[in-house]
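Before any comments, here is the structure.
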2 protein chains.
Amino acid sequence: MSMVDSSHGATSPVVVALGGNTLLGRHGPWTVDEQRAVIERTAGRLADALDAGTDLVLTHGNGPQVGNLLIQQEAAAETPQLPLDVLVAETQAQIGYMLQQALDNERPTATETMTLVTQVVVDADDPAFDRPTKPVGPFYTEREAAAKPFETREVSRGDRPYRRVVPSPAPVDVVEADEIAGLVERGNTVICAGGGGVPVVRDEGGLRGVEAVVDKDRTTQRLATGLGADTMIVLTDVAHAYVDYGGPDERPIGRIEADALRDHLDAGEFAEGSMKPKVEACLRFVEAGGERAVVTAPERLSAALAGEAGTRVVP
Amino acid sequence: MSMVDSSHGATSPVVVALGGNTLLGRHGPWTVDEQRAVIERTAGRLADALDAGTDLVLTHGNGPQVGNLLIQQEAAAETPQLPLDVLVAETQAQIGYMLQQALDNERPTATETMTLVTQVVVDADDPAFDRPTKPVGPFYTEREAAAKPFETREVSRGDRPYRRVVPSPAPVDVVEADEIAGLVERGNTVICAGGGGVPVVRDEGGLRGVEAVVDKDRTTQRLATGLGADTMIVLTDVAHAYVDYGGPDERPIGRIEADALRDHLDAGEFAEGSMKPKVEACLRFVEAGGERAVVTAPERLSAALAGEAGTRVVP
């Protein structure tokens, strides 16, 4: 059940977190054909890395996808309304299936890509449970929101400014980490921990799903550190993190030592819910012994692996 | 990509197909708490077998679950409408997650249960594609049905007697069979091929999902034969198959040789879409070299493994 020892073998995979733009593109709504086209483009870039001999463990986000499942089941009140943990699991297979098939088609003679349902343990006493912050699912009017059996918050303007908010606790342990390590040793490309993992707490009864979402970059770091990976890569829609992003002195960050990056973080350079969690995950990875953590765009993946692109965080 | 050689090792798992009643109970609608209670009861029976030293590979049905996903996404037309192959994948994680967690909680010190997204290759020239027979998803009025972009058929009475019908082609090959065998060798309990597997065809572009459903008992047989399993068990809501089921001479079938069972099958003793596909899968398994195939209810699983319960088909 625990994280694997980092000395388990010679295999050190690169753990890559796939952001929403690598799966859906930047703008919705997304037909399945549009989703397939974006996923196939991403698979092509991942295949280049695999062809170069890099073992990959792939994680991914699921924000729009889990939001759509919430919207859909609310729209069909006569069907069972499943809790958020179950819906997160569904998105792991929805996205994993499409990505797995695209990767196998890019490399038809290679060992298969596997998609695993992945649970992540969070602490039942995590302070995040006292203040839900993460908006999910449909937008509601004030009256609709007040009638819901869950916490809502006004998050935008217009007629329907309310959304459900859920806690975003810290990931403690990836339940299936040993199995992921075993599949990597067998040469499989593993897709796992989608949406940050299915959040569960561990109590006297064992594991139990909770209504929460875990930040996918944070879970990716826990997994990468536990697997003893040398390199973690966070793929997003920009080629670098920036200092003074959008301002007059905007400049991309290339290779940077962890201490210097933490100074930028502490100075408030990175946007909440966007670049900040990625930078924090990179810092945690390097500070836990990782050799480098990279933030870049998918088209720069091979260059990033060669040490020639992206924001590259080193100890 | 091919079925594994049956001589791969000493490990010969028992492959168990879980019917709808082992996951949802007999009567809907099913709240998530009701689903959990049924799944936990099933997990208790599976845990007894695991505790007795039997390795298990678990498959399962998904009829009501995939139907609900179709109903839900149609009710939210503003969200992406995903094809049936993607929805089948989602049900694999929905059900797999709940079952995996329940099994791990029954046996907290054991090696983990894993849920794999599983694709099953079907033949693009399968005659089933010419005559869709399997009803799925919402019920429609005649007018609604006529406006749908897919084939519908009148399958019941009342105001909304129409449903979409999709083909049910034969399974040819379980794409992830090698990985399933590898996980069994590592001692994992594997949940896979849910809903009969995600149906895909293989063409010059590789694998491609198709709008179809594959019979879960038939896929279970392909998988069990490919894994070199000695025993396949189909769990359903009756303790045996019967001769003259519901008639004046009803009698349960206990231990029976394949030839004798085939005579009953040919005489029309088993109901279409219910006991018939289970009996056919058992016959195929034994005729392909399996030692025994059993149809029984979940509460008889341990007795069935001991050769003391269920309809036990032998060569």
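Just so we're on the same page: first chain in the structure tokens is A, next is B, and so on; residues restart at 1 for each chain, and ligands are numbered from 1 in the order they show up.
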Just need the residues of chain B within 6 Å of chain A, counting only C-alpha atoms, so spit them out as a PyMOL selection string.
-> chain B and resi 31-32+72-73+75-76+80+82+86+89-90+93-94+105+115-117+206
Written file, previous selection with N, CA, C and O atoms, as a PDB file, in the first residue's frame:
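Okay, part-v1.pdb is ready:
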```
ATOM      1  N   THR B  31     -29.546   3.221  -5.575  1.00  0.00           N
ATOM      2  CA  THR B  31     -28.739   4.320  -5.046  1.00  0.00           C
ATOM      3  C   THR B  31     -27.307   3.817  -4.901  1.00  0.00           C
ATOM      4  O   THR B  31     -27.043   2.613  -4.889  1.00  0.00           O
ATOM      5  N   VAL B  32     -26.391   4.746  -4.748  1.00  0.00           N
ATOM      6  CA  VAL B  32     -24.999   4.335  -4.608  1.00  0.00           C
ATOM      7  C   VAL B  32     -24.812   3.516  -3.329  1.00  0.00           C
ATOM      8  O   VAL B  32     -24.008   2.583  -3.299  1.00  0.00           O
ATOM      9  N   GLN B  72     -27.995   9.764 -19.324  1.00  0.00           N
ATOM     10  CA  GLN B  72     -27.492  11.002 -18.729  1.00  0.00           C
ATOM     11  C   GLN B  72     -26.927  11.948 -19.776  1.00  0.00           C
ATOM     12  O   GLN B  72     -27.212  13.152 -19.755  1.00  0.00           O
ATOM     13  N   GLN B  73     -26.140  11.434 -20.712  1.00  0.00           N
ATOM     14  CA  GLN B  73     -25.555  12.376 -21.661  1.00  0.00           C
ATOM     15  C   GLN B  73     -26.601  12.887 -22.648  1.00  0.00           C
ATOM     16  O   GLN B  73     -26.532  14.040 -23.082  1.00  0.00           O
ATOM     17  N   ALA B  75     -29.576  13.574 -21.785  1.00  0.00           N
ATOM     18  CA  ALA B  75     -30.333  14.580 -21.016  1.00  0.00           C
ATOM     19  C   ALA B  75     -29.580  15.895 -20.905  1.00  0.00           C
ATOM     20  O   ALA B  75     -30.162  16.901 -20.501  1.00  0.00           O
ATOM     21  N   ALA B  76     -28.304  15.902 -21.215  1.00  0.00           N
ATOM     22  CA  ALA B  76     -27.492  17.126 -21.161  1.00  0.00           C
ATOM     23  C   ALA B  76     -26.878  17.338 -22.539  1.00  0.00           C
ATOM     24  O   ALA B  76     -25.678  17.132 -22.754  1.00  0.00           O
ATOM     25  N   PRO B  80     -20.479  17.211 -24.383  1.00  0.00           N
ATOM     26  CA  PRO B  80     -20.046  16.301 -25.448  1.00  0.00           C
ATOM     27  C   PRO B  80     -20.774  14.952 -25.345  1.00  0.00           C
ATOM     28  O   PRO B  80     -20.906  14.400 -24.255  1.00  0.00           O
ATOM     29  N   LEU B  82     -20.494  11.286 -26.054  1.00  0.00           N
ATOM     30  CA  LEU B  82     -19.401  10.356 -26.329  1.00  0.00           C
ATOM     31  C   LEU B  82     -19.948   9.043 -26.893  1.00  0.00           C
ATOM     32  O   LEU B  82     -21.052   8.619 -26.547  1.00  0.00           O
ATOM     33  N   VAL B  86     -16.436   4.593 -25.589  1.00  0.00           N
ATOM     34  CA  VAL B  86     -15.897   5.401 -24.489  1.00  0.00           C
ATOM     35  C   VAL B  86     -16.747   5.202 -23.222  1.00  0.00           C
ATOM     36  O   VAL B  86     -16.216   5.086 -22.116  1.00  0.00           O
ATOM     37  N   ALA B  89     -15.886   2.013 -21.526  1.00  0.00           N
ATOM     38  CA  ALA B  89     -14.661   2.198 -20.732  1.00  0.00           C
ATOM     39  C   ALA B  89     -14.991   2.850 -19.392  1.00  0.00           C
ATOM     40  O   ALA B  89     -14.499   2.423 -18.336  1.00  0.00           O
ATOM     41  N   GLU B  90     -15.853   3.862 -19.415  1.00  0.00           N
ATOM     42  CA  GLU B  90     -16.217   4.544 -18.160  1.00  0.00           C
ATOM     43  C   GLU B  90     -16.847   3.575 -17.157  1.00  0.00           C
ATOM     44  O   GLU B  90     -16.561   3.636 -15.961  1.00  0.00           O
ATOM     45  N   ALA B  93     -14.359   1.504 -15.135  1.00  0.00           N
ATOM     46  CA  ALA B  93     -13.770   2.155 -13.961  1.00  0.00           C
ATOM     47  C   ALA B  93     -14.807   2.376 -12.867  1.00  0.00           C
ATOM     48  O   ALA B  93     -14.499   2.258 -11.685  1.00  0.00           O
ATOM     49  N   GLN B  94     -16.031   2.707 -13.264  1.00  0.00           N
ATOM     50  CA  GLN B  94     -17.097   2.941 -12.271  1.00  0.00           C
ATOM     51  C   GLN B  94     -17.277   1.703 -11.398  1.00  0.00           C
ATOM     52  O   GLN B  94     -17.258   1.761 -10.172  1.00  0.00           O
ATOM     53  N   ASN B 105     -10.674  -3.801   1.036  1.00  0.00           N
ATOM     54  CA  ASN B 105     -11.106  -3.627   2.430  1.00  0.00           C
ATOM     55  C   ASN B 105     -11.409  -4.962   3.101  1.00  0.00           C
ATOM     56  O   ASN B 105     -11.256  -5.097   4.316  1.00  0.00           O
ATOM     57  N   THR B 115      -7.765  -2.597 -11.371  1.00  0.00           N
ATOM     58  CA  THR B 115      -8.766  -2.488 -12.430  1.00  0.00           C
ATOM     59  C   THR B 115      -8.106  -1.943 -13.691  1.00  0.00           C
ATOM     60  O   THR B 115      -7.515  -0.865 -13.660  1.00  0.00           O
ATOM     61  N   LEU B 116      -8.196  -2.704 -14.764  1.00  0.00           N
ATOM     62  CA  LEU B 116      -7.586  -2.322 -16.039  1.00  0.00           C
ATOM     63  C   LEU B 116      -8.642  -1.980 -17.071  1.00  0.00           C
ATOM     64  O   LEU B 116      -9.581  -2.755 -17.283  1.00  0.00           O
ATOM     65  N   VAL B 117      -8.468  -0.873 -17.747  1.00  0.00           N
ATOM     66  CA  VAL B 117      -9.265  -0.611 -18.938  1.00  0.00           C
ATOM     67  C   VAL B 117      -8.897  -1.675 -19.978  1.00  0.00           C
ATOM     68  O   VAL B 117      -7.715  -1.899 -20.241  1.00  0.00           O
ATOM     69  N   GLY B 206      -4.661   0.788 -37.009  1.00  0.00           N
ATOM     70  CA  GLY B 206      -4.508   0.271 -35.653  1.00  0.00           C
ATOM     71  C   GLY B 206      -5.854  -0.083 -35.063  1.00  0.00           C
ATOM     72  O   GLY B 206      -6.724  -0.613 -35.752  1.00  0.00           O
TER      73      GLY B 206
END
```
Name all residues at most 12 Å from B:Gly246 (count only C-alpha atoms; drop same-chain ones fewer than 5 positions away) and give them as a PyMOL selection string.
-> chain B and resi 241+251-252+269-271
For A:Val313: contacts at 8 Å, only C-alpha atoms, fewer than 2 positions along chain excluded, given as a list in words = Arg255, Ile256, Glu257, Ala258, Leu261, Cys282, Leu283, Val286, Arg292, Ala293, Val294, Thr311 and Pro315 of chain A
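Note that atom CA of B:Ala229 and atom CA of B:Ile253 are 22.8 Å apart.
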Pick out the residues sitting within 10 Å of B:Val155, and hand them over as an MDAnalysis selection string; count only C-alpha atoms, and ignore anything fewer than 6 positions along from it in its own chain.
-> chainID B and resid 135 139 161:165
Quick one: residues within 9 Å of B:Ile180, only C-alpha atoms counted, chain neighbours fewer than 6 positions away excluded, as a PyMOL selection string?
-> chain B and resi 57+116+190-192+227
Written file, previous selection with N, CA, C and O atoms, as a compact mmCIF listing (two decimals), in the first residue's frame:
```
# COMPACT_ATOMS: atom_id res chain seq x y z
N VAL B 57 -9.32 -13.80 -11.54
CA VAL B 57 -9.47 -12.73 -12.53
C VAL B 57 -10.97 -12.48 -12.64
O VAL B 57 -11.73 -13.42 -12.84
N LEU B 116 -8.20 -2.70 -14.76
CA LEU B 116 -7.59 -2.32 -16.04
C LEU B 116 -8.64 -1.98 -17.07
O LEU B 116 -9.58 -2.75 -17.28
N VAL B 190 -7.17 -9.23 -10.58
CA VAL B 190 -7.36 -8.29 -11.69
C VAL B 190 -8.84 -8.19 -12.05
O VAL B 190 -9.49 -9.22 -12.26
N ILE B 191 -9.34 -6.98 -12.10
CA ILE B 191 -10.69 -6.71 -12.60
C ILE B 191 -10.54 -6.17 -14.02
O ILE B 191 -9.84 -5.18 -14.23
N CYS B 192 -11.14 -6.84 -14.98
CA CYS B 192 -10.89 -6.47 -16.38
C CYS B 192 -12.05 -6.89 -17.26
O CYS B 192 -12.97 -7.58 -16.81
N LEU B 227 -5.79 -17.25 -20.97
CA LEU B 227 -4.96 -17.25 -19.76
C LEU B 227 -4.56 -18.66 -19.34
O LEU B 227 -3.80 -18.83 -18.40
```
Would you mind listing what lies within 12 Å of A:Thr236 as a tab-separated table (two decimals) with C-alpha atoms, in the first residue's frame, with only C-alpha atoms counted and same-chain residues fewer than 3 positions away left out?
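Dumped to out-v6.tsv:
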```tsv
chain	number	residue	atom	x	y	z
A	16	VAL	CA	4.60	13.24	-17.29
A	17	ALA	CA	1.49	15.15	-16.18
A	18	LEU	CA	-0.82	15.99	-19.09
A	19	GLY	CA	-2.77	19.22	-18.75
A	20	GLY	CA	-6.21	19.87	-20.16
A	21	ASN	CA	-4.90	21.41	-23.38
A	22	THR	CA	-3.09	18.15	-24.24
A	23	LEU	CA	-6.41	16.24	-24.07
A	24	LEU	CA	-9.14	18.65	-25.15
A	25	GLY	CA	-7.47	21.68	-26.73
A	26	ARG	CA	-7.96	25.15	-25.33
A	42	THR	CA	-0.33	14.50	-27.88
A	60	HIS	CA	-3.62	13.70	-16.52
A	61	GLY	CA	-6.21	16.27	-15.49
A	217	ASP	CA	0.27	18.08	-10.31
A	233	ILE	CA	7.47	16.87	-16.60
A	239	ALA	CA	6.42	26.63	-23.19
A	240	HIS	CA	7.76	28.05	-19.91
A	241	ALA	CA	6.86	29.56	-16.59
A	274	SER	CA	-2.66	27.70	-12.87
A	275	MET	CA	1.14	28.01	-12.85
A	277	PRO	CA	0.56	24.46	-8.35
A	278	LYS	CA	2.85	23.35	-11.18
A	279	VAL	CA	5.79	25.29	-9.78
A	294	VAL	CA	10.20	20.64	-16.17
A	295	VAL	CA	7.21	22.78	-17.10
A	296	THR	CA	6.67	23.06	-20.84
A	297	ALA	CA	4.24	22.66	-23.74
A	298	PRO	CA	3.69	19.25	-25.37
A	299	GLU	CA	5.43	20.21	-28.61
A	300	ARG	CA	8.60	20.83	-26.58
A	301	LEU	CA	8.60	17.45	-24.82
A	310	GLY	CA	11.01	24.46	-20.87
A	311	THR	CA	11.40	25.75	-17.36
```
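Residues surrounding A:Val172 within 12 Å are Met1, Ser2, Met3, Gln119, Val120, Val121, Val122, Asp123, Ala124, Asp125, Asp126, Ala177, Gly196, Gly197, Pro199, Val200, Val201, Arg202, Val214, Asp215, Arg218, Thr219, Thr220, Gln221, Arg222, Leu223, Thr225 and Gly226 of chain A [only C-alpha atoms; sequence separation below 4 positions excluded].
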